[in-house]
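Colleague: To be precise about what I am sending: the file is called query_17.pdb and holds PDB, C-alpha atoms.
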```pdb
MODEL        1
ATOM      1  CA  MET A   1      31.645  -4.724  27.686
ATOM      2  CA  ASN A   2      30.309  -4.809  31.260
ATOM      3  CA  ILE A   3      27.483  -2.528  30.213
ATOM      4  CA  LEU A   4      26.594  -4.856  27.344
ATOM      5  CA  LYS A   5      26.386  -7.789  29.740
ATOM      6  CA  LYS A   6      23.798  -5.908  31.801
ATOM      7  CA  ILE A   7      21.441  -5.461  28.862
ATOM      8  CA  PRO A   8      18.676  -8.033  29.111
ATOM      9  CA  GLY A   9      18.838 -10.630  26.376
ATOM     10  CA  PHE A  10      15.398  -9.871  25.021
ATOM     11  CA  ILE A  11      16.307  -6.206  24.420
ATOM     12  CA  PHE A  12      19.206  -7.358  22.314
ATOM     13  CA  GLU A  13      16.955  -9.776  20.424
ATOM     14  CA  ILE A  14      14.306  -7.131  19.739
ATOM     15  CA  SER A  15      16.951  -4.672  18.563
ATOM     16  CA  ALA A  16      18.484  -7.278  16.268
ATOM     17  CA  ILE A  17      15.118  -8.135  14.718
ATOM     18  CA  ILE A  18      14.233  -4.464  14.147
ATOM     19  CA  ILE A  19      17.640  -3.606  12.655
ATOM     20  CA  ILE A  20      17.637  -6.622  10.341
ATOM     21  CA  SER A  21      14.054  -5.905   9.248
ATOM     22  CA  ILE A  22      14.613  -2.222   8.507
ATOM     23  CA  SER A  23      17.832  -2.922   6.622
ATOM     24  CA  LEU A  24      16.260  -5.625   4.480
ATOM     25  CA  ALA A  25      13.132  -3.543   3.909
ATOM     26  CA  PHE A  26      14.928  -0.502   2.502
ATOM     27  CA  LEU A  27      17.401  -2.620   0.571
ATOM     28  CA  TYR A  28      14.593  -4.571  -1.060
ATOM     29  CA  ASN A  29      12.606  -1.403  -1.792
ATOM     30  CA  HIS A  30      15.657   0.223  -3.364
ATOM     31  CA  TYR A  31      16.194  -2.631  -5.779
ATOM     32  CA  ARG A  32      12.581  -3.521  -6.556
ATOM     33  CA  GLU A  33      11.388  -2.656 -10.019
ATOM     34  CA  LYS A  34       8.783  -0.199  -8.738
ATOM     35  CA  PRO A  35      10.018   1.224  -5.435
ATOM     36  CA  VAL A  36       7.691   2.877  -2.983
ATOM     37  CA  GLN A  37       8.505   6.550  -2.518
ATOM     38  CA  ILE A  38       9.899   6.981   0.976
ATOM     39  CA  ASP A  39       8.442  10.421   1.619
ATOM     40  CA  GLU A  40       5.146  10.778  -0.179
ATOM     41  CA  THR A  41       4.426  14.348   0.880
ATOM     42  CA  LYS A  42       7.626  15.820  -0.564
ATOM     43  CA  SER A  43       7.063  14.328  -3.971
ATOM     44  CA  ILE A  44       3.471  15.526  -4.042
ATOM     45  CA  GLU A  45       4.407  19.121  -3.332
ATOM     46  CA  LYS A  46       7.279  19.131  -5.770
ATOM     47  CA  ASN A  47       6.005  17.208  -8.721
ATOM     48  CA  ILE A  48       2.369  18.127  -9.356
ATOM     49  CA  ASN A  49       1.624  21.258 -11.378
ATOM     50  CA  GLU A  50      -1.628  22.812 -12.435
ATOM     51  CA  ILE A  51      -1.539  23.746 -16.105
ATOM     52  CA  SER A  52      -3.728  25.811 -18.385
ATOM     53  CA  ILE A  53      -5.791  24.542 -21.322
ATOM     54  CA  GLU A  54      -3.267  26.182 -23.659
ATOM     55  CA  ASP A  55      -0.343  24.384 -22.046
ATOM     56  CA  SER A  56      -2.218  21.105 -22.180
ATOM     57  CA  MET A  57      -2.806  21.620 -25.909
ATOM     58  CA  ASN A  58       0.912  22.232 -26.467
ATOM     59  CA  MET A  59       1.692  19.057 -24.569
ATOM     60  CA  PHE A  60      -0.901  17.179 -26.603
ATOM     61  CA  LYS A  61       0.705  18.343 -29.847
ATOM     62  CA  ASN A  62       4.210  17.207 -28.857
ATOM     63  CA  GLY A  63       2.978  13.644 -28.899
ATOM     64  CA  GLU A  64       4.943  12.546 -25.854
ATOM     65  CA  THR A  65       2.474  13.384 -23.131
ATOM     66  CA  LEU A  66       0.189  10.812 -21.583
ATOM     67  CA  PHE A  67      -3.309  12.090 -20.862
ATOM     68  CA  ILE A  68      -5.152  10.333 -18.031
ATOM     69  CA  ASP A  69      -8.858  10.617 -17.318
ATOM     70  CA  ALA A  70      -9.472  10.206 -13.585
ATOM     71  CA  ARG A  71     -13.257   9.917 -13.820
ATOM     72  CA  GLU A  72     -15.285   6.706 -13.607
ATOM     73  CA  GLU A  73     -15.241   4.392 -16.592
ATOM     74  CA  SER A  74     -18.838   5.181 -17.560
ATOM     75  CA  ASP A  75     -18.060   8.905 -17.805
ATOM     76  CA  PHE A  76     -14.871   8.164 -19.742
ATOM     77  CA  ASN A  77     -16.809   6.079 -22.267
ATOM     78  CA  LYS A  78     -19.273   8.891 -22.884
ATOM     79  CA  GLY A  79     -16.457  11.194 -23.895
ATOM     80  CA  HIS A  80     -12.799  11.851 -23.197
ATOM     81  CA  ILE A  81      -9.746  13.649 -24.521
ATOM     82  CA  LYS A  82      -8.544  11.812 -27.628
ATOM     83  CA  ASN A  83      -5.941   9.112 -26.919
ATOM     84  CA  SER A  84      -6.293   9.488 -23.170
ATOM     85  CA  ILE A  85      -6.446   6.444 -20.911
ATOM     86  CA  ASN A  86      -8.812   5.903 -18.028
ATOM     87  CA  ILE A  87      -7.521   5.444 -14.483
ATOM     88  CA  PRO A  88     -10.475   6.114 -12.186
ATOM     89  CA  ALA A  89      -9.220   7.743  -8.980
ATOM     90  CA  GLU A  90     -11.083   5.273  -6.751
ATOM     91  CA  ASP A  91      -9.601   2.336  -8.619
ATOM     92  CA  ALA A  92      -6.080   3.594  -9.337
ATOM     93  CA  ASN A  93      -4.381   1.146  -7.050
ATOM     94  CA  SER A  94      -5.647  -1.958  -8.806
ATOM     95  CA  LYS A  95      -4.356  -0.632 -12.121
ATOM     96  CA  ALA A  96      -0.906   0.258 -10.751
ATOM     97  CA  ILE A  97       0.989  -2.875 -11.792
ATOM     98  CA  ASN A  98      -0.287  -2.811 -15.399
ATOM     99  CA  PHE A  99       0.339   0.912 -15.666
ATOM    100  CA  LEU A 100       3.884   0.604 -14.347
ATOM    101  CA  ASN A 101       4.609  -2.175 -16.819
ATOM    102  CA  ARG A 102       3.321  -0.129 -19.756
ATOM    103  CA  TYR A 103       4.890   3.198 -18.873
ATOM    104  CA  LYS A 104       8.272   2.322 -17.455
ATOM    105  CA  ASN A 105       9.773   5.774 -17.982
ATOM    106  CA  LYS A 106       9.087   7.617 -14.746
ATOM    107  CA  ASN A 107       9.818  10.930 -16.474
ATOM    108  CA  THR A 108       6.900  10.509 -18.891
ATOM    109  CA  PRO A 109       4.998  13.798 -18.894
ATOM    110  CA  ILE A 110       1.463  13.161 -17.710
ATOM    111  CA  VAL A 111      -1.659  15.320 -17.716
ATOM    112  CA  VAL A 112      -4.474  14.203 -15.432
ATOM    113  CA  TYR A 113      -7.948  15.611 -15.725
ATOM    114  CA  CYS A 114     -11.502  15.164 -14.542
ATOM    115  CA  ASP A 115     -14.560  17.426 -14.863
ATOM    116  CA  GLY A 116     -15.644  20.418 -12.835
ATOM    117  CA  GLU A 117     -13.777  23.135 -10.951
ATOM    118  CA  GLU A 118     -14.341  21.322  -7.633
ATOM    119  CA  CYS A 119     -13.501  17.851  -8.895
ATOM    120  CA  ASP A 120     -10.664  16.324  -6.861
ATOM    121  CA  LEU A 121     -10.382  13.042  -8.749
ATOM    122  CA  SER A 122      -7.485  14.344 -10.833
ATOM    123  CA  LEU A 123      -5.605  15.348  -7.668
ATOM    124  CA  LYS A 124      -6.141  11.906  -6.123
ATOM    125  CA  THR A 125      -4.885  10.142  -9.225
ATOM    126  CA  SER A 126      -1.959  12.584  -9.494
ATOM    127  CA  LYS A 127      -0.928  11.921  -5.885
ATOM    128  CA  PHE A 128      -1.111   8.230  -6.549
ATOM    129  CA  LEU A 129       1.059   8.524  -9.670
ATOM    130  CA  ASN A 130       3.580  10.543  -7.662
ATOM    131  CA  SER A 131       3.606   7.912  -4.928
ATOM    132  CA  ILE A 132       4.584   5.223  -7.433
ATOM    133  CA  GLY A 133       7.398   7.325  -8.842
ATOM    134  CA  TYR A 134       6.151   9.454 -11.755
ATOM    135  CA  ASN A 135       7.867  12.813 -11.527
ATOM    136  CA  ASP A 136       6.193  14.956 -14.165
ATOM    137  CA  VAL A 137       2.510  14.940 -13.321
ATOM    138  CA  ASN A 138       0.285  17.853 -14.288
ATOM    139  CA  ILE A 139      -3.359  18.587 -13.553
ATOM    140  CA  LEU A 140      -5.728  20.221 -15.993
ATOM    141  CA  VAL A 141      -8.443  21.572 -13.697
ATOM    142  CA  ASN A 142     -11.952  21.159 -15.107
ATOM    143  CA  GLY A 143     -10.131  19.463 -17.970
ATOM    144  CA  TRP A 144     -12.950  17.634 -19.732
ATOM    145  CA  SER A 145     -15.321  20.620 -19.928
ATOM    146  CA  LEU A 146     -12.591  22.986 -21.093
ATOM    147  CA  TRP A 147     -11.206  20.550 -23.648
ATOM    148  CA  LYS A 148     -14.452  19.572 -25.333
ATOM    149  CA  LYS A 149     -15.404  23.242 -25.580
ATOM    150  CA  GLN A 150     -12.126  24.363 -27.116
ATOM    151  CA  HIS A 151     -11.106  21.236 -29.034
ATOM    152  CA  PRO A 152     -14.288  19.373 -29.986
ATOM    153  CA  ASP A 153     -12.411  17.696 -32.835
ATOM    154  CA  LEU A 154      -9.972  16.063 -30.452
ATOM    155  CA  VAL A 155     -12.303  13.958 -28.350
ATOM    156  CA  GLY A 156     -12.979  10.267 -28.191
ATOM    157  CA  GLN A 157     -16.160   8.584 -27.055
ATOM    158  CA  ASN A 158     -18.107   5.289 -26.670
ATOM    159  CA  ASP A 159     -16.673   1.768 -26.403
ATOM    160  CA  SER A 160     -14.944   1.775 -29.764
ATOM    161  CA  ASP A 161     -12.714   4.606 -28.594
ATOM    162  CA  LYS A 162     -12.333   3.187 -25.139
ATOM    163  CA  LYS A 163      -8.769   3.145 -23.847
ATOM    164  CA  SER A 164      -7.615   1.419 -20.710
ATOM    165  CA  GLU A 165      -4.186   1.278 -19.192
ATOM    166  CA  SER A 166      -3.632  -1.899 -21.160
ATOM    167  CA  ALA A 167      -4.519  -0.402 -24.544
ATOM    168  CA  THR A 168      -2.466   1.254 -27.272
ATOM    169  CA  PRO A 169       0.444   3.549 -26.425
ATOM    170  CA  VAL A 170       0.314   7.346 -26.196
ATOM    171  CA  ASN A 171      -0.934   9.225 -29.247
ATOM    172  CA  GLU A 172      -1.776   6.334 -31.443
ATOM    173  CA  GLY A 173      -4.891   7.143 -33.467
ATOM    174  CA  ASP A 174      -8.376   6.575 -32.159
TER     175      ASP A 174
ATOM    176  CA  MET B   1       3.907 -36.063  31.076
ATOM    177  CA  GLU B   2       2.165 -32.801  31.820
ATOM    178  CA  LYS B   3       5.380 -30.902  31.218
ATOM    179  CA  GLU B   4       5.892 -32.659  27.917
ATOM    180  CA  PHE B   5       2.355 -31.804  26.831
ATOM    181  CA  LYS B   6       2.924 -28.186  27.776
ATOM    182  CA  ASN B   7       6.207 -28.058  25.859
ATOM    183  CA  TYR B   8       4.566 -29.617  22.841
ATOM    184  CA  SER B   9       1.636 -27.157  22.992
ATOM    185  CA  VAL B  10       3.939 -24.154  23.190
ATOM    186  CA  PHE B  11       6.050 -25.535  20.350
ATOM    187  CA  THR B  12       2.933 -25.873  18.215
ATOM    188  CA  ALA B  13       1.809 -22.360  19.139
ATOM    189  CA  ARG B  14       5.237 -20.976  18.194
ATOM    190  CA  ILE B  15       5.128 -22.687  14.786
ATOM    191  CA  ILE B  16       1.572 -21.483  14.135
ATOM    192  CA  VAL B  17       2.359 -17.867  15.043
ATOM    193  CA  GLY B  18       5.569 -18.008  12.978
ATOM    194  CA  LEU B  19       3.714 -19.285   9.926
ATOM    195  CA  ILE B  20       0.982 -16.684  10.416
ATOM    196  CA  PHE B  21       3.498 -13.863  10.378
ATOM    197  CA  ILE B  22       5.377 -15.180   7.359
ATOM    198  CA  THR B  23       2.121 -15.650   5.442
ATOM    199  CA  ALA B  24       0.936 -12.193   6.471
ATOM    200  CA  SER B  25       4.104 -10.570   5.166
ATOM    201  CA  ILE B  26       4.261 -12.138   1.707
ATOM    202  CA  PHE B  27       1.495 -10.255  -0.110
ATOM    203  CA  LYS B  28       2.416  -6.998   1.537
ATOM    204  CA  ILE B  29       6.011  -7.317   0.351
ATOM    205  CA  TYR B  30       4.829  -8.256  -3.155
ATOM    206  CA  ASP B  31       2.281  -5.444  -3.450
ATOM    207  CA  PRO B  32       3.119  -2.578  -1.079
ATOM    208  CA  PHE B  33       0.901  -0.128  -2.976
ATOM    209  CA  SER B  34      -2.274  -1.985  -2.048
ATOM    210  CA  PHE B  35      -1.021  -2.219   1.521
ATOM    211  CA  ILE B  36      -0.542   1.565   1.509
ATOM    212  CA  GLU B  37      -4.245   1.966   0.630
ATOM    213  CA  ILE B  38      -5.236  -0.349   3.486
ATOM    214  CA  ILE B  39      -3.141   1.650   5.953
ATOM    215  CA  LYS B  40      -4.763   4.860   4.667
ATOM    216  CA  ASN B  41      -8.209   3.331   5.174
ATOM    217  CA  TYR B  42      -7.448   2.840   8.861
ATOM    218  CA  GLN B  43      -7.075   6.638   9.137
ATOM    219  CA  ILE B  44      -4.774   6.318  12.132
ATOM    220  CA  LEU B  45      -1.257   7.023  10.922
ATOM    221  CA  PRO B  46      -0.225  10.494   9.706
ATOM    222  CA  THR B  47       0.414  10.729   5.953
ATOM    223  CA  TYR B  48       4.187  11.078   6.231
ATOM    224  CA  MET B  49       4.451   7.728   8.064
ATOM    225  CA  ILE B  50       2.316   5.637   5.759
ATOM    226  CA  ASN B  51       4.803   4.781   3.027
ATOM    227  CA  ASP B  52       7.615   4.004   5.486
ATOM    228  CA  THR B  53       5.288   1.753   7.474
ATOM    229  CA  ALA B  54       4.233  -0.068   4.317
ATOM    230  CA  ILE B  55       7.878  -0.713   3.493
ATOM    231  CA  ILE B  56       9.117  -1.740   6.957
ATOM    232  CA  LEU B  57       6.222  -3.500   8.674
ATOM    233  CA  PRO B  58       5.995  -6.526   6.329
ATOM    234  CA  PHE B  59       9.692  -7.218   6.851
ATOM    235  CA  ILE B  60       9.317  -7.024  10.620
ATOM    236  CA  GLU B  61       6.546  -9.622  10.264
ATOM    237  CA  LEU B  62       8.686 -11.781   7.998
ATOM    238  CA  ILE B  63      11.810 -11.740  10.168
ATOM    239  CA  THR B  64       9.772 -12.247  13.340
ATOM    240  CA  GLY B  65       8.021 -15.209  11.753
ATOM    241  CA  LEU B  66      11.292 -16.742  10.598
ATOM    242  CA  PHE B  67      12.860 -16.432  14.043
ATOM    243  CA  LEU B  68       9.803 -17.966  15.680
ATOM    244  CA  LEU B  69       9.853 -20.876  13.257
ATOM    245  CA  SER B  70      13.559 -21.463  13.746
ATOM    246  CA  GLY B  71      13.397 -21.155  17.540
ATOM    247  CA  ILE B  72      16.052 -18.434  17.538
ATOM    248  CA  PHE B  73      15.537 -15.236  19.540
ATOM    249  CA  VAL B  74      12.204 -16.540  20.764
ATOM    250  CA  LYS B  75      11.905 -14.017  23.594
ATOM    251  CA  GLY B  76      12.401 -11.023  21.308
ATOM    252  CA  SER B  77      10.324 -12.360  18.444
ATOM    253  CA  SER B  78       7.421 -13.380  20.701
ATOM    254  CA  ILE B  79       7.421  -9.919  22.290
ATOM    255  CA  ILE B  80       7.265  -8.335  18.829
ATOM    256  CA  SER B  81       4.590 -10.746  17.590
ATOM    257  CA  SER B  82       2.418 -10.152  20.666
ATOM    258  CA  LEU B  83       2.867  -6.405  20.393
ATOM    259  CA  LEU B  84       2.032  -6.337  16.686
ATOM    260  CA  ILE B  85      -1.082  -8.497  17.080
ATOM    261  CA  PHE B  86      -2.194  -6.335  19.985
ATOM    262  CA  ILE B  87      -1.725  -3.165  17.921
ATOM    263  CA  PHE B  88      -3.603  -4.608  14.923
ATOM    264  CA  LEU B  89      -6.427  -5.764  17.185
ATOM    265  CA  ALA B  90      -6.621  -2.399  18.933
ATOM    266  CA  ALA B  91      -6.684  -0.565  15.582
ATOM    267  CA  LEU B  92      -9.461  -2.834  14.322
ATOM    268  CA  ILE B  93     -11.576  -2.377  17.446
ATOM    269  CA  PHE B  94     -10.891   1.370  17.484
ATOM    270  CA  ASN B  95     -12.119   1.780  13.926
ATOM    271  CA  LEU B  96     -15.126  -0.437  14.520
ATOM    272  CA  SER B  97     -16.042   1.806  17.444
ATOM    273  CA  ARG B  98     -15.657   4.847  15.142
ATOM    274  CA  GLY B  99     -17.973   3.216  12.664
ATOM    275  CA  ILE B 100     -15.226   2.945  10.055
ATOM    276  CA  ASP B 101     -15.387  -0.344   8.202
ATOM    277  CA  VAL B 102     -11.874  -1.244   7.162
ATOM    278  CA  SER B 103     -10.490  -4.219   5.406
ATOM    279  CA  CYS B 104      -8.285  -6.014   7.922
ATOM    280  CA  GLY B 105      -5.377  -6.161   5.483
ATOM    281  CA  CYS B 106      -3.897  -8.790   7.727
ATOM    282  CA  PHE B 107      -3.061 -11.460   5.195
ATOM    283  CA  SER B 108      -3.531  -9.874   1.844
ATOM    284  CA  SER B 109      -3.174  -6.530   0.212
ATOM    285  CA  VAL B 110      -6.694  -6.664  -1.147
ATOM    286  CA  ASN B 111      -9.496  -4.490   0.119
ATOM    287  CA  GLU B 112     -12.128  -7.072   0.932
ATOM    288  CA  GLU B 113     -15.797  -6.288   1.213
ATOM    289  CA  ILE B 114     -16.573  -5.542   4.835
ATOM    290  CA  THR B 115     -19.516  -6.900   6.752
ATOM    291  CA  LYS B 116     -20.305  -6.890  10.445
ATOM    292  CA  LEU B 117     -19.758 -10.646  10.456
ATOM    293  CA  SER B 118     -16.300 -10.321   8.905
ATOM    294  CA  SER B 119     -15.352  -7.614  11.422
ATOM    295  CA  PHE B 120     -16.380  -9.915  14.286
ATOM    296  CA  TYR B 121     -14.455 -12.763  12.660
ATOM    297  CA  TYR B 122     -11.275 -10.652  12.383
ATOM    298  CA  VAL B 123     -11.491  -9.577  16.022
ATOM    299  CA  MET B 124     -12.006 -13.142  17.278
ATOM    300  CA  ARG B 125      -9.277 -14.472  15.027
ATOM    301  CA  ASP B 126      -6.778 -11.874  16.202
ATOM    302  CA  LEU B 127      -7.672 -12.623  19.830
ATOM    303  CA  ILE B 128      -6.812 -16.279  19.299
ATOM    304  CA  PHE B 129      -3.529 -15.332  17.619
ATOM    305  CA  LEU B 130      -2.761 -13.030  20.549
ATOM    306  CA  ILE B 131      -3.385 -15.807  23.074
ATOM    307  CA  LEU B 132      -1.087 -18.152  21.140
ATOM    308  CA  SER B 133       1.628 -15.515  20.914
ATOM    309  CA  ILE B 134       1.436 -14.599  24.594
ATOM    310  CA  SER B 135       1.651 -18.277  25.561
ATOM    311  CA  VAL B 136       4.906 -18.534  23.585
ATOM    312  CA  LEU B 137       6.152 -15.320  25.200
ATOM    313  CA  LYS B 138       5.324 -16.488  28.700
ATOM    314  CA  HIS B 139       6.933 -19.872  28.179
ATOM    315  CA  SER B 140      10.120 -18.351  26.781
ATOM    316  CA  PHE B 141      10.561 -16.253  29.926
ATOM    317  CA  THR B 142       9.599 -18.894  32.500
ATOM    318  CA  LYS B 143      11.791 -21.504  30.831
ATOM    319  CA  SER B 144      14.997 -19.446  31.314
TER     320      SER B 144
ENDMDL
END
```
Once more with this new file: its structure as structure tokens, please.

Modeller:
Amino acid sequence: MNILKKIPGFIFEISAIIIISISLAFLYNHYREKPVQIDETKSIEKNINEISIEDSMNMFKNGETLFIDAREESDFNKGHIKNSINIPAEDANSKAINFLNRYKNKNTPIVVYCDGEECDLSLKTSKFLNSIGYNDVNILVNGWSLWKKQHPDLVGQNDSDKKSESATPVNEGD
Amino acid sequence: MEKEFKNYSVFTARIIVGLIFITASIFKIYDPFSFIEIIKNYQILPTYMINDTAIILPFIELITGLFLLSGIFVKGSSIISSLLIFIFLAALIFNLSRGIDVSCGCFSSVNEEITKLSSFYYVMRDLIFLILSISVLKHSFTKS
């Protein structure tokens, strides 16, 4: 008790503020509808897989997978995988709330793609999806080029086929 | 008379700083994901610290603001408020010197369009907040 009396009052006050803040912060995050992942790096390493065009086709056929185009909207409108939705990598954050409301199941299998072997848009969008809690995120590298070459009958294009994160659910017809 | 004016000025400064911190915390608590992007834009913190900071920092602002408003733990809360404003100001100036235009992210979680004028405005504004906070800090220690 004597030691406690020697601690300056302001140290005690600072400690109290920090402890209360941290406790409330993690409590609130735990119970919020869309919690922030505490350790982003772990979830990125664990939950993003690169898949082949064949695997992506199998996932497409099962009807439960959400395909996400990470390119800009103008590229998406010119052509995209059928029934995919557009979440441009540079704009992912602004679409987060709508996306989370539409796809509440965090175990929804997701395939993210862009175009080109060196394209990193799909990785950016995948990391973002991981950070907001989606656990089964897959990347189809050079997805658009591979898909339109191998499955030209399963593409959508122009404004009439345009899907956004607020549009129809997974695998409804174009 | 002079003492009363001084007490009144410090009281006003304490209320202003308290309200600033509470206001600053609200949007960040509501939309932590946008705040995460703002922290990333600063390119100062390592990746593994970003999410934790986005979760904890708004609550430190909120609790600090509430204590300042209520007049409880004024010494501790004014130290924290001065420290936080100083850190934000330093980060802003550091990035400006690096040529990185960042949205301040001080009061909202929105990435605002950056201009040289807005950068100057943020720096001047934060300096004023810092002066107010330090005046509260100084008064809380000299009063006791």

Colleague: Would you list the contacts of A:Ala92 as a ChimeraX atom specification, taking every protein, DNA or RNA residue within 10 Å and counting only C-alpha atoms, but skipping same-chain residues closer than 6 positions in sequence?

Modeller: /A:70,86,99,124-126,128-129 /B:34

Colleague: Expand the PyMOL selection byres ((chain A) within 7 of (chain B)) into the individual residues it matches in the shown file, reporting them as a PyMOL selection string.

Modeller: chain A and resi 10-11+13-14+17-18+21-22+25+36-41+93

Colleague: Quick one: pull the distance between atom CA of A:Gln150 and atom CA of A:Lys127, Å, one decimal.

Modeller: 27.0 Å

Colleague: For the file shown, what are the residues hit by the PyMOL selection byres ((chain A and resi 100-111) around 8), laid out as a PyMOL selection string?

Modeller: chain A and resi 34+56+64-68+96-99+112-113+133-140+165-166

Colleague: Keeping C-alpha atoms for every residue in the selection just given, could you write it to a file as a tab-separated table (two decimals), in the coordinates of the input?

Modeller:
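Result written to part-v8.tsv:
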```tsv
chain	number	residue	atom	x	y	z
A	34	LYS	CA	8.78	-0.20	-8.74
A	56	SER	CA	-2.22	21.10	-22.18
A	64	GLU	CA	4.94	12.55	-25.85
A	65	THR	CA	2.47	13.38	-23.13
A	66	LEU	CA	0.19	10.81	-21.58
A	67	PHE	CA	-3.31	12.09	-20.86
A	68	ILE	CA	-5.15	10.33	-18.03
A	96	ALA	CA	-0.91	0.26	-10.75
A	97	ILE	CA	0.99	-2.88	-11.79
A	98	ASN	CA	-0.29	-2.81	-15.40
A	99	PHE	CA	0.34	0.91	-15.67
A	112	VAL	CA	-4.47	14.20	-15.43
A	113	TYR	CA	-7.95	15.61	-15.72
A	133	GLY	CA	7.40	7.32	-8.84
A	134	TYR	CA	6.15	9.45	-11.76
A	135	ASN	CA	7.87	12.81	-11.53
A	136	ASP	CA	6.19	14.96	-14.16
A	137	VAL	CA	2.51	14.94	-13.32
A	138	ASN	CA	0.28	17.85	-14.29
A	139	ILE	CA	-3.36	18.59	-13.55
A	140	LEU	CA	-5.73	20.22	-15.99
A	165	GLU	CA	-4.19	1.28	-19.19
A	166	SER	CA	-3.63	-1.90	-21.16
```

Colleague: With the file shown as input, list the residues that the PyMOL selection byres ((chain A and resi 141) around 9) selects, as a PyMOL selection string.

Modeller: chain A and resi 50-53+112-120+122+139-140+142-144+146

Colleague: Grab the residues selected above and save them as a PDB file, in the frame of the given file with C-alpha atoms.

Modeller:
```
ATOM      1  CA  GLU A  50      -1.628  22.812 -12.435  1.00  0.00           C
ATOM      2  CA  ILE A  51      -1.539  23.746 -16.105  1.00  0.00           C
ATOM      3  CA  SER A  52      -3.728  25.811 -18.385  1.00  0.00           C
ATOM      4  CA  ILE A  53      -5.791  24.542 -21.322  1.00  0.00           C
ATOM      5  CA  VAL A 112      -4.474  14.203 -15.432  1.00  0.00           C
ATOM      6  CA  TYR A 113      -7.948  15.611 -15.725  1.00  0.00           C
ATOM      7  CA  CYS A 114     -11.502  15.164 -14.542  1.00  0.00           C
ATOM      8  CA  ASP A 115     -14.560  17.426 -14.863  1.00  0.00           C
ATOM      9  CA  GLY A 116     -15.644  20.418 -12.835  1.00  0.00           C
ATOM     10  CA  GLU A 117     -13.777  23.135 -10.951  1.00  0.00           C
ATOM     11  CA  GLU A 118     -14.341  21.322  -7.633  1.00  0.00           C
ATOM     12  CA  CYS A 119     -13.501  17.851  -8.895  1.00  0.00           C
ATOM     13  CA  ASP A 120     -10.664  16.324  -6.861  1.00  0.00           C
ATOM     14  CA  SER A 122      -7.485  14.344 -10.833  1.00  0.00           C
ATOM     15  CA  ILE A 139      -3.359  18.587 -13.553  1.00  0.00           C
ATOM     16  CA  LEU A 140      -5.728  20.221 -15.993  1.00  0.00           C
ATOM     17  CA  ASN A 142     -11.952  21.159 -15.107  1.00  0.00           C
ATOM     18  CA  GLY A 143     -10.131  19.463 -17.970  1.00  0.00           C
ATOM     19  CA  TRP A 144     -12.950  17.634 -19.732  1.00  0.00           C
ATOM     20  CA  LEU A 146     -12.591  22.986 -21.093  1.00  0.00           C
TER      21      LEU A 146
END
```

Colleague: Report, in Å to a single decimal, how far apart atom CA of A:Glu90 and atom CA of A:Asp75 are.

Modeller: 13.6 Å

Colleague: Suppose you want the space between atom CA of A:Asp91 and atom CA of A:Glu72; what is it in Å?

Modeller: 8.7 Å

Colleague: B:Thr12: which residues within 12 Å, counting all atoms listed in the file, same-chain residues fewer than 2 positions away excluded, as a ChimeraX atom specification?

Modeller: /B:5-10,14-19,68-69,71,132-133,135-136

Colleague: Identify the residues around (-2.3, -4.5, 18.5) within a radius of 12 Å, measuring from all atoms listed in the file in the coordinates stated by the file, and give them as a ChimeraX atom specification.

Modeller: /B:79-94,106,123,126-127,129-130,133

Colleague: Take the selection from the previous step and output its residues with C-alpha atoms, as a CSV table (one decimal), in the coordinates of the input.

Modeller:
```csv
chain,number,residue,atom,x,y,z
B,79,ILE,CA,7.4,-9.9,22.3
B,80,ILE,CA,7.3,-8.3,18.8
B,81,SER,CA,4.6,-10.7,17.6
B,82,SER,CA,2.4,-10.2,20.7
B,83,LEU,CA,2.9,-6.4,20.4
B,84,LEU,CA,2.0,-6.3,16.7
B,85,ILE,CA,-1.1,-8.5,17.1
B,86,PHE,CA,-2.2,-6.3,20.0
B,87,ILE,CA,-1.7,-3.2,17.9
B,88,PHE,CA,-3.6,-4.6,14.9
B,89,LEU,CA,-6.4,-5.8,17.2
B,90,ALA,CA,-6.6,-2.4,18.9
B,91,ALA,CA,-6.7,-0.6,15.6
B,92,LEU,CA,-9.5,-2.8,14.3
B,93,ILE,CA,-11.6,-2.4,17.4
B,94,PHE,CA,-10.9,1.4,17.5
B,106,CYS,CA,-3.9,-8.8,7.7
B,123,VAL,CA,-11.5,-9.6,16.0
B,126,ASP,CA,-6.8,-11.9,16.2
B,127,LEU,CA,-7.7,-12.6,19.8
B,129,PHE,CA,-3.5,-15.3,17.6
B,130,LEU,CA,-2.8,-13.0,20.5
B,133,SER,CA,1.6,-15.5,20.9
```

Colleague: Compare B:Ser25, B:Lys138, B:Tyr42, B:Ser97 by their minimum atom-to-atom distance to B:Ala13, counting all atoms listed in the file, and give me the closest one.

Modeller: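 Of the candidates, the smallest distance to B:Ala13 is held by B:Lys138.
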
Colleague: Produce the centre coordinates and the three edge lengths, each in Å to one decimal, of the box along x, y and z that contains all listed atoms of stretch 119-123 of chain B with 6 Å added on each side, as AutoDock Vina command-line options.

Modeller:
```
--center_x -13.8 --center_y -10.2 --center_z 13.7 --size_x 17.1 --size_y 17.1 --size_z 16.6
```
